[in-house]
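A.B. asks: Here you go, one structure.
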Number of protein chains: 4
Amino acid sequence: MIIVMHPDATQQEVDGVVDRLRSLGADVRVGREEGRTIVEGSIESLLHADSPWDDFPGVDRVVPQVPGGRRVGREFKPESTVVSVGGVEIGGGALVVVAGPCAVESREQLLSTAEAVAVAGASILRGDAFKPRTSPYTFQGLGKAGLEILAEARSRTGLPFVAEVIDPRDVELVSAYADLLRIGTRNMSNFPLLREVGRQSKPVLLKRGRASTVEEWVDAAEHVYNEGNHGIVLVERGVRGFDGAARNTLDLTAVPVAKELTHLPVMVDPSHAAGRREFVAPLARAAVAVGADGVMIDVHPSPKSALVDGPQALLPEEFARLMRDLRAVADVLGSS
Amino acid sequence: MIIVMHPDATQQEVDGVVDRLRSLGADVRVGREEGRTIVEGSIESLLHADSPWDDFPGVDRVVPQVPGGRRVGREFKPESTVVSVGGVEIGGGALVVVAGPCAVESREQLLSTAEAVAVAGASILRGDAFKPRTSPYTFQGLGKAGLEILAEARSRTGLPFVAEVIDPRDVELVSAYADLLRIGTRNMSNFPLLREVGRQSKPVLLKRGRASTVEEWVDAAEHVYNEGNHGIVLVERGVRGFDGAARNTLDLTAVPVAKELTHLPVMVDPSHAAGRREFVAPLARAAVAVGADGVMIDVHPSPKSALVDGPQALLPEEFARLMRDLRAVADVLGSS
Amino acid sequence: MIIVMHPDATQQEVDGVVDRLRSLGADVRVGREEGRTIVEGSIESLLHADSPWDDFPGVDRVVPQVPGGRRVGREFKPESTVVSVGGVEIGGGALVVVAGPCAVESREQLLSTAEAVAVAGASILRGDAFKPRTSPYTFQGLGKAGLEILAEARSRTGLPFVAEVIDPRDVELVSAYADLLRIGTRNMSNFPLLREVGRQSKPVLLKRGRASTVEEWVDAAEHVYNEGNHGIVLVERGVRGFDGAARNTLDLTAVPVAKELTHLPVMVDPSHAAGRREFVAPLARAAVAVGADGVMIDVHPSPKSALVDGPQALLPEEFARLMRDLRAVADVLGSS
Amino acid sequence: MIIVMHPDATQQEVDGVVDRLRSLGADVRVGREEGRTIVEGSIESLLHADSPWDDFPGVDRVVPQVPGGRRVGREFKPESTVVSVGGVEIGGGALVVVAGPCAVESREQLLSTAEAVAVAGASILRGDAFKPRTSPYTFQGLGKAGLEILAEARSRTGLPFVAEVIDPRDVELVSAYADLLRIGTRNMSNFPLLREVGRQSKPVLLKRGRASTVEEWVDAAEHVYNEGNHGIVLVERGVRGFDGAARNTLDLTAVPVAKELTHLPVMVDPSHAAGRREFVAPLARAAVAVGADGVMIDVHPSPKSALVDGPQALLPEEFARLMRDLRAVADVLGSS
């Protein structure tokens, strides 16, 4: 159970709550969060208690630490969160475009793509060094060498970069290089990995699980938030559907649903949803129109020879055209 | 099998094809469609033959009348179809907005809503007189009396109207009143009903079945087209999903997928997809941005007292605000 | 609202309820059903009233005619219903096997299959004369001629037969021939068709819609029941899934779920679920083991040349082997 | 690429293949598997080569290490695999029943349940010490202390036990105690975890991902197999569906589908599929009837006070009754 005190609660009022909790046998933690004092009572019996904590002097509200009571929830923090990534703000009103190849394949491939997306106006570079692959016999990523290439691209273009992490034992390594960590769709419920990224100082992109409800996705974010990392960005990327025409069924309704449930920013990845280049641009425009805080676009200089997900990658010139459309829609709907 | 002749095929060339078909024992029909001569060979054995019809003089292309070979398909007619509804063109580049209550409940309710949506700029009025309802014990529609109210609203506002038809025995009645017939999601594969509306002179809105692939939806349109009614508009309205946060999972990818497969216009109904008013405006904006030819919006003067689907209906003033946003997105993306 | 009186309620008690309803302005219908007096109050305002009808003398229980309150529900009639089809009882404890080709294609095909399934121990013959088909250019059934062939097969084998009906205008024709009408998965929510079969004296097999919840399926049965036809058998046949390995995802959990919600018998069609012959026998055994009242099996003397659904049809000898397994499982679990 | 030599291939024939591979620049590994010599060529260019390896003397078949070419596939090893778990054989014809509580909550709870399921005839005990939980604020398992309790239960009952592992860093710990490791549904595509269990000497239960196709599930098994651990048992536990009546949609068709694709044993977990005690027994019977090699059943001495998944747990006496039914079905269908 978390007790959020009023911004102007006195120390005496805080002590009153803490003492009462201790008298009930609870371990108690006291901290500051979003400018307020937070009192956490750890014992499980309290979760179900009907104690009138709301009536204690200085208490603003009580958030039970059970499903439905979450620190990533709007009820806990009504104001929208802005996540800063190497100087780029996500959730602050301006449209953020993340772009780059699905995987780092070589220095040349990554650097040329990075420069092209920087010129076209992307804010953040993407490119993975560790890839989760369906088959063990396909390209699994360049590992640390890939991270070094990404860092070089950052130096050259000034773009911060995001990279996927798939193993709790690699989190520190990826965190040492990347500006933004990404948890992929397969790992949305990989709780040891979520806890590990929750202990880092770098913000996290949390993709929605392929068959997860928005509630479950927000619960996954709570695992990260609860470890102390509050810089979390949700990314809708399509759910499993019955129609094979696209790779996944992009669920744009999830954007307003998630924004109602949580104060975190929400982005959309139309590339992995579509699976086919032809559908990426219309879906990206729709993502901006539905109110996403940003989009993530696969761009590759030579999609036909891409080692991973070539069919969904835009050419740099297609990406540049798309950027113009996205800015136009964002402008007219009040983002910039 | 359908053989589409070149626009400038001679009569002799047409006769050559017809004679060859007859010599194979086929019943043959000859007609004109989209400005070209069409030769249809009826016997089933031909469907699978490898006769080199493409090599016959004057033949443009051959469309086997089997799944994958369809007269609603782009391969049969590459140019996009424009459907005219009481003077309103759907698919011609201008955004079309259909609006009104889910069901006609009373003369006053319908007339006041019709006037509000006309003022706000809707092009076509919606309102149903026959409703398919999950329970037999709820309001099933006003029937013929509802159609008369809709006709009165048309006289007052100048808006053509669309109404659902759910029974083959009612098709002539609804067709006598409405400017546009609607086949609802539950009836997408109701083939006797599709055939009956295929014999009418009024165009048809064909909603996607709740668990139908885009291929199956396009096949359903073929049942209408094949009876001679070529004025068909597809409407995406969400598919069945696993997340109860919204009523259905709006599948906006289906818009570019359908436009690739077929030459028919494609609209989107965000109201029935969302099931909740809060999500209708963002989804409608996304539908325009993804490239839909129009949207269908539930509007009700008093959603709380609506007999059908009140929670998803916009108030007239909310609808007017949405119209401004939709026009802005359409303008910036090149529709008007 | 339906008020079910105690079996031994007096006429005076019935009158008391009726008079009270009338004094509230309700239209009232009084009838006998399942050996009890049923009082129906028609006005809608009553549906939501909190009148303590349960306390009236002679009242057994009150079933609101709103979703959740159904005459096909267990709360309305706790005892399981047994449906009689030409002397065969479905739901009475003995396993019922319906078998035959998906469609009647010719007299010879149907008669030979009918004799084979009769010899192997099937109780009811299947074979359709009207087929709903994805494409308008494929075989649509033999119509009335097909019904006559089915009737001849009945004379020869003694097996009653079930045939699909897809058009409300054909219901009387099919009902004149068949012992059991079938509503296919595409028509589960075709309410005009449900109402029409609800007015016939022949019982009805109601297949589950491909993307319908069990609640919606039971609601569809209520449309039939409400018209007076109480001989309804539910058939699970698989729902739409994301894995293309089988045609549909057979949802055997639906059997105990449906039996909890409703007093109607529940059967399973493993053939249309599987779509492949290899999976039919294991799924049929599982259907019996899960507690279904019967199964429906596609059998064809020459599956490779079948006009409809050949890949899922068993050969007669495969069906005979399956019958032995099904009887063994039924025996050991207490059916016979 | 893997080249499987004939059982009676000579050393000279093996050398011929190896030499040819090396001459093409491939790194080559030679090993023995299932009694045959296996030659692996590592360079990626060979994956797509059309070299007529099949024609080399002594070569039995060639399995490309690309999707569709798998060592867990039937094409690689046509005979069914039998996995031995502490003396219990899974896949050998006899029905295997795994039973116990979802989580180890206390010594008393686990020991009493273990004894009850042993008496009723279970072959393997289940009980988790590490639990992946939707919320970070609920019981996460007892960790190492739980494993010690499980080991004590093994000593007392003689039953080997299975325990879930959710973190690659815990694999050695769990492997030191448990007889069988379990990968849960959320971790089916957690490849670092799969690789880690692939390096252990203990066999692995691999549950199907909640929205994974059978193909993807078999691909996940390949990640384990490829590391050298060949003792893999697949467990179907229901997929995500749209009907909330049960927790998941148990997909029993997956059993014959998986057995066609792979030589690994396949079990079914009806408890996690159903989510409700009432449905567990019928689904367990159906799982045996469909041909599963075993079932996994949640049993708890006091389901109402269970910390995890109480609503789906059977009481020990319900489990004992179910065991009798399962044995009866297995007997009559030829297992024992």
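Within each chain, counting starts at residue 1; across the structure tokens, chains are named A, B, ... in the order shown, with ligands numbered 1 upward in that order.
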Dump as a ChimeraX atom specification the residues of chain A that approach chain B to within 10 Å, counting only C-alpha atoms.
C.D. replies: /A:211-216,238-246,248-258,260,270,273-274,278-292,325-326,328-333
A.B. asks: Env of Arg61 of chain B: 7 Å cut, atoms = only C-alpha atoms, seq-sep filter 3 positions within chain, self excluded. Answer as a VMD selection string.
C.D. replies: chain B and resid 3 to 5 54
A.B. asks: Next, the residues of the selection above should be written as a short mmCIF file (atom, residue, chain, number, x, y, z; two decimals), in the first residue's frame with all heavy atoms.
C.D. replies:
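As a result, selection_19.cif now contains:
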data_model
loop_
_atom_site.label_atom_id
_atom_site.label_comp_id
_atom_site.auth_asym_id
_atom_site.auth_seq_id
_atom_site.Cartn_x
_atom_site.Cartn_y
_atom_site.Cartn_z
N ILE B 3 -13.70 -13.23 -69.59
CA ILE B 3 -12.66 -12.73 -70.49
C ILE B 3 -12.95 -11.26 -70.75
O ILE B 3 -14.03 -10.90 -71.23
CB ILE B 3 -12.65 -13.55 -71.81
CG1 ILE B 3 -12.27 -15.01 -71.47
CG2 ILE B 3 -11.69 -12.93 -72.82
CD1 ILE B 3 -12.38 -15.96 -72.64
N VAL B 4 -12.01 -10.41 -70.37
CA VAL B 4 -12.17 -8.98 -70.57
C VAL B 4 -11.46 -8.61 -71.87
O VAL B 4 -10.25 -8.83 -72.02
CB VAL B 4 -11.52 -8.18 -69.41
CG1 VAL B 4 -11.77 -6.68 -69.58
CG2 VAL B 4 -12.05 -8.67 -68.07
N MET B 5 -12.23 -8.07 -72.84
CA MET B 5 -11.64 -7.71 -74.13
C MET B 5 -10.98 -6.33 -74.04
O MET B 5 -11.34 -5.51 -73.19
CB MET B 5 -12.73 -7.69 -75.21
CG MET B 5 -13.53 -9.00 -75.35
SD MET B 5 -12.52 -10.48 -75.74
CE MET B 5 -11.99 -10.10 -77.42
N ASP B 54 -5.35 -15.75 -73.19
CA ASP B 54 -4.65 -14.47 -73.26
C ASP B 54 -4.07 -14.21 -74.65
O ASP B 54 -3.82 -13.08 -75.04
CB ASP B 54 -3.48 -14.45 -72.25
CG ASP B 54 -3.99 -14.52 -70.83
OD1 ASP B 54 -4.35 -15.63 -70.41
OD2 ASP B 54 -4.04 -13.47 -70.16
#
A.B. asks: From a backbone DSSP assignment, name each residue in segment 127-287 of chain B labelled alpha helix (DSSP H), as a PyMOL selection string.
C.D. replies: chain B and resi 144-157+171-177+191-198+214-226+254-261+270-274+277-287
A.B. asks: May I have the residues from that selection written out with C-alpha atoms, as a CSV table (one decimal), in the first residue's frame?
C.D. replies:
chain,number,residue,atom,x,y,z
B,144,LYS,CA,-41.6,1.0,-42.1
B,145,ALA,CA,-42.5,3.9,-39.8
B,146,GLY,CA,-38.8,4.5,-39.2
B,147,LEU,CA,-38.1,4.6,-43.0
B,148,GLU,CA,-40.8,7.3,-43.4
B,149,ILE,CA,-39.3,9.4,-40.7
B,150,LEU,CA,-35.9,9.1,-42.4
B,151,ALA,CA,-37.5,10.1,-45.7
B,152,GLU,CA,-38.9,13.2,-44.0
B,153,ALA,CA,-35.5,14.1,-42.6
B,154,ARG,CA,-34.1,13.8,-46.1
B,155,SER,CA,-36.7,16.2,-47.4
B,156,ARG,CA,-35.9,18.7,-44.7
B,157,THR,CA,-32.1,18.5,-44.8
B,171,VAL,CA,-34.9,-5.5,-49.2
B,172,GLU,CA,-37.4,-4.0,-51.7
B,173,LEU,CA,-39.1,-2.0,-48.9
B,174,VAL,CA,-35.9,-0.5,-47.6
B,175,SER,CA,-34.7,0.1,-51.2
B,176,ALA,CA,-37.8,2.0,-52.0
B,177,TYR,CA,-37.0,4.5,-49.3
B,191,PHE,CA,-25.5,-14.7,-49.1
B,192,PRO,CA,-29.3,-14.7,-49.9
B,193,LEU,CA,-29.4,-11.1,-48.5
B,194,LEU,CA,-26.3,-10.2,-50.5
B,195,ARG,CA,-27.8,-11.5,-53.6
B,196,GLU,CA,-31.1,-9.6,-53.0
B,197,VAL,CA,-29.3,-6.3,-52.5
B,198,GLY,CA,-27.2,-7.2,-55.6
B,214,VAL,CA,-10.2,-8.8,-45.8
B,215,GLU,CA,-10.2,-11.5,-48.5
B,216,GLU,CA,-13.5,-12.9,-47.2
B,217,TRP,CA,-15.0,-9.4,-47.1
B,218,VAL,CA,-14.0,-8.8,-50.7
B,219,ASP,CA,-15.5,-12.1,-51.6
B,220,ALA,CA,-18.7,-11.1,-50.0
B,221,ALA,CA,-18.8,-7.9,-52.2
B,222,GLU,CA,-18.4,-10.2,-55.2
B,223,HIS,CA,-21.7,-11.8,-54.3
B,224,VAL,CA,-23.4,-8.4,-54.6
B,225,TYR,CA,-21.4,-7.3,-57.7
B,226,ASN,CA,-22.1,-10.5,-59.5
B,254,ALA,CA,-7.6,-3.2,-43.4
B,255,VAL,CA,-8.0,0.1,-45.3
B,256,PRO,CA,-4.8,-0.1,-47.4
B,257,VAL,CA,-5.1,-3.9,-47.6
B,258,ALA,CA,-8.6,-3.6,-49.0
B,259,LYS,CA,-7.7,-0.8,-51.4
B,260,GLU,CA,-4.9,-3.0,-52.7
B,261,LEU,CA,-7.2,-6.0,-53.3
B,270,PRO,CA,-15.1,4.2,-35.5
B,271,SER,CA,-18.2,4.4,-33.3
B,272,HIS,CA,-19.1,0.7,-33.4
B,273,ALA,CA,-15.4,-0.1,-33.1
B,274,ALA,CA,-14.8,2.0,-30.0
B,277,ARG,CA,-17.6,8.1,-27.0
B,278,GLU,CA,-14.1,9.0,-25.7
B,279,PHE,CA,-12.4,7.0,-28.3
B,280,VAL,CA,-14.5,8.0,-31.4
B,281,ALA,CA,-12.8,11.3,-32.3
B,282,PRO,CA,-9.2,10.0,-32.2
B,283,LEU,CA,-10.1,6.9,-34.2
B,284,ALA,CA,-12.1,9.0,-36.8
B,285,ARG,CA,-9.1,11.2,-37.2
B,286,ALA,CA,-6.9,8.1,-37.7
B,287,ALA,CA,-9.3,6.7,-40.2
A.B. asks: As a list in words, please: the residues near segment 91-99 of chain C (cut-off 6 Å, only C-alpha atoms, same-chain neighbours under 5 positions excluded).
C.D. replies: Val82, Ala122, Ser123, Ile124, Leu125, Arg126, Pro265, Asp293, Gly294, Val295, Met296, Ile297, Asp298, Ser335 and Ser336 of chain C
A.B. asks: Which residues, written as a ChimeraX atom specification, have at least one atom at most 12 Å from Lys77 of chain A, with only C-alpha atoms counted and residues fewer than 2 positions away on the same chain left out?
C.D. replies: /A:4,33-36,60-63,69-75,79-81,230,260-264
A.B. asks: Write the residues of the selection above to a file with N, CA and C atoms, as a PDB file, in the first residue's frame.
C.D. replies:
ATOM      1  N   VAL A   4      -0.006   8.535  -0.417  1.00  0.00           N
ATOM      2  CA  VAL A   4       0.529   9.769  -0.990  1.00  0.00           C
ATOM      3  C   VAL A   4       0.078  10.925  -0.104  1.00  0.00           C
ATOM      4  N   GLU A  33       8.534  11.600  -3.975  1.00  0.00           N
ATOM      5  CA  GLU A  33       8.270  11.277  -5.373  1.00  0.00           C
ATOM      6  C   GLU A  33       7.359  12.347  -5.942  1.00  0.00           C
ATOM      7  N   GLU A  34       7.699  12.885  -7.083  1.00  0.00           N
ATOM      8  CA  GLU A  34       6.877  13.912  -7.714  1.00  0.00           C
ATOM      9  C   GLU A  34       6.578  15.032  -6.713  1.00  0.00           C
ATOM     10  N   GLY A  35       7.560  15.311  -5.882  1.00  0.00           N
ATOM     11  CA  GLY A  35       7.424  16.446  -4.968  1.00  0.00           C
ATOM     12  C   GLY A  35       6.580  16.215  -3.733  1.00  0.00           C
ATOM     13  N   ARG A  36       6.255  14.973  -3.480  1.00  0.00           N
ATOM     14  CA  ARG A  36       5.435  14.697  -2.311  1.00  0.00           C
ATOM     15  C   ARG A  36       6.057  13.588  -1.474  1.00  0.00           C
ATOM     16  N   ASP A  60      -3.292  12.589   1.127  1.00  0.00           N
ATOM     17  CA  ASP A  60      -4.005  12.992  -0.082  1.00  0.00           C
ATOM     18  C   ASP A  60      -4.798  11.822  -0.643  1.00  0.00           C
ATOM     19  N   ARG A  61      -4.084  10.737  -0.924  1.00  0.00           N
ATOM     20  CA  ARG A  61      -4.817   9.555  -1.404  1.00  0.00           C
ATOM     21  C   ARG A  61      -4.021   8.286  -1.115  1.00  0.00           C
ATOM     22  N   VAL A  62      -4.731   7.178  -1.199  1.00  0.00           N
ATOM     23  CA  VAL A  62      -4.145   5.878  -0.892  1.00  0.00           C
ATOM     24  C   VAL A  62      -4.217   5.024  -2.154  1.00  0.00           C
ATOM     25  N   VAL A  63      -3.101   4.442  -2.543  1.00  0.00           N
ATOM     26  CA  VAL A  63      -3.060   3.614  -3.744  1.00  0.00           C
ATOM     27  C   VAL A  63      -2.694   2.199  -3.313  1.00  0.00           C
ATOM     28  N   GLY A  69      -4.213  -0.691  -8.752  1.00  0.00           N
ATOM     29  CA  GLY A  69      -3.586   0.407  -8.010  1.00  0.00           C
ATOM     30  C   GLY A  69      -2.133   0.467  -8.417  1.00  0.00           C
ATOM     31  N   ARG A  70      -1.763   1.431  -9.199  1.00  0.00           N
ATOM     32  CA  ARG A  70      -0.436   1.448  -9.809  1.00  0.00           C
ATOM     33  C   ARG A  70       0.132   2.850  -9.761  1.00  0.00           C
ATOM     34  N   ARG A  71       1.444   2.945  -9.599  1.00  0.00           N
ATOM     35  CA  ARG A  71       2.087   4.253  -9.621  1.00  0.00           C
ATOM     36  C   ARG A  71       2.231   4.786 -11.043  1.00  0.00           C
ATOM     37  N   VAL A  72       2.090   3.932 -12.034  1.00  0.00           N
ATOM     38  CA  VAL A  72       2.056   4.433 -13.408  1.00  0.00           C
ATOM     39  C   VAL A  72       0.642   4.859 -13.794  1.00  0.00           C
ATOM     40  N   GLY A  73      -0.323   4.699 -12.871  1.00  0.00           N
ATOM     41  CA  GLY A  73      -1.713   5.011 -13.184  1.00  0.00           C
ATOM     42  C   GLY A  73      -2.032   6.499 -13.080  1.00  0.00           C
ATOM     43  N   ARG A  74      -3.013   6.925 -13.852  1.00  0.00           N
ATOM     44  CA  ARG A  74      -3.469   8.315 -13.820  1.00  0.00           C
ATOM     45  C   ARG A  74      -4.023   8.686 -12.447  1.00  0.00           C
ATOM     46  N   GLU A  75      -4.567   7.692 -11.760  1.00  0.00           N
ATOM     47  CA  GLU A  75      -5.138   8.011 -10.447  1.00  0.00           C
ATOM     48  C   GLU A  75      -4.047   8.370  -9.442  1.00  0.00           C
ATOM     49  N   GLU A  79      -1.081  14.148 -13.946  1.00  0.00           N
ATOM     50  CA  GLU A  79      -0.399  14.881 -15.018  1.00  0.00           C
ATOM     51  C   GLU A  79       0.419  13.922 -15.883  1.00  0.00           C
ATOM     52  N   SER A  80       0.433  14.185 -17.185  1.00  0.00           N
ATOM     53  CA  SER A  80       1.192  13.340 -18.109  1.00  0.00           C
ATOM     54  C   SER A  80       2.685  13.460 -17.854  1.00  0.00           C
ATOM     55  N   THR A  81       3.366  12.335 -17.974  1.00  0.00           N
ATOM     56  CA  THR A  81       4.816  12.296 -17.785  1.00  0.00           C
ATOM     57  C   THR A  81       5.538  12.637 -19.080  1.00  0.00           C
ATOM     58  N   HIS A 230      11.563   5.806 -13.624  1.00  0.00           N
ATOM     59  CA  HIS A 230      10.264   6.387 -13.969  1.00  0.00           C
ATOM     60  C   HIS A 230      10.186   6.856 -15.408  1.00  0.00           C
ATOM     61  N   GLU A 260      -5.596   6.934 -21.050  1.00  0.00           N
ATOM     62  CA  GLU A 260      -6.603   7.088 -20.000  1.00  0.00           C
ATOM     63  C   GLU A 260      -6.144   6.379 -18.721  1.00  0.00           C
ATOM     64  N   LEU A 261      -5.494   5.223 -18.895  1.00  0.00           N
ATOM     65  CA  LEU A 261      -5.090   4.427 -17.732  1.00  0.00           C
ATOM     66  C   LEU A 261      -3.821   4.938 -17.066  1.00  0.00           C
ATOM     67  N   THR A 262      -2.925   5.524 -17.859  1.00  0.00           N
ATOM     68  CA  THR A 262      -1.599   5.813 -17.334  1.00  0.00           C
ATOM     69  C   THR A 262      -1.146   7.214 -17.716  1.00  0.00           C
ATOM     70  N   HIS A 263      -0.178   7.733 -16.961  1.00  0.00           N
ATOM     71  CA  HIS A 263       0.381   9.054 -17.271  1.00  0.00           C
ATOM     72  C   HIS A 263       1.601   8.974 -18.182  1.00  0.00           C
ATOM     73  N   LEU A 264       1.964   7.778 -18.629  1.00  0.00           N
ATOM     74  CA  LEU A 264       3.171   7.605 -19.439  1.00  0.00           C
ATOM     75  C   LEU A 264       2.932   7.979 -20.904  1.00  0.00           C
TER      76      LEU A 264
END
A.B. asks: Quick one: distance from atom CA of Arg276 of chain C to atom CA of Gly310 of chain C in Å, one decimal?
C.D. replies: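 Atom-to-atom, atom CA of Arg276 of chain C and atom CA of Gly310 of chain C are spaced 8.7 Å apart.
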A.B. asks: Taking only C-alpha atoms into account, name the residue in C:Lys202, C:Arg169, C:Arg210, C:Arg133 that is nearest to Arg186 of chain B.
C.D. replies: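 Counting only C-alpha atoms, the residue closest to Arg186 of chain B is C:Arg210.
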A.B. asks: Please compute the atom CA of Ala306 of chain B-atom CA of Gln140 of chain B distance, one decimal, in Å.
C.D. replies: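 Spanning atom CA of Ala306 of chain B to atom CA of Gln140 of chain B is a straight-line distance of 13.0 Å.
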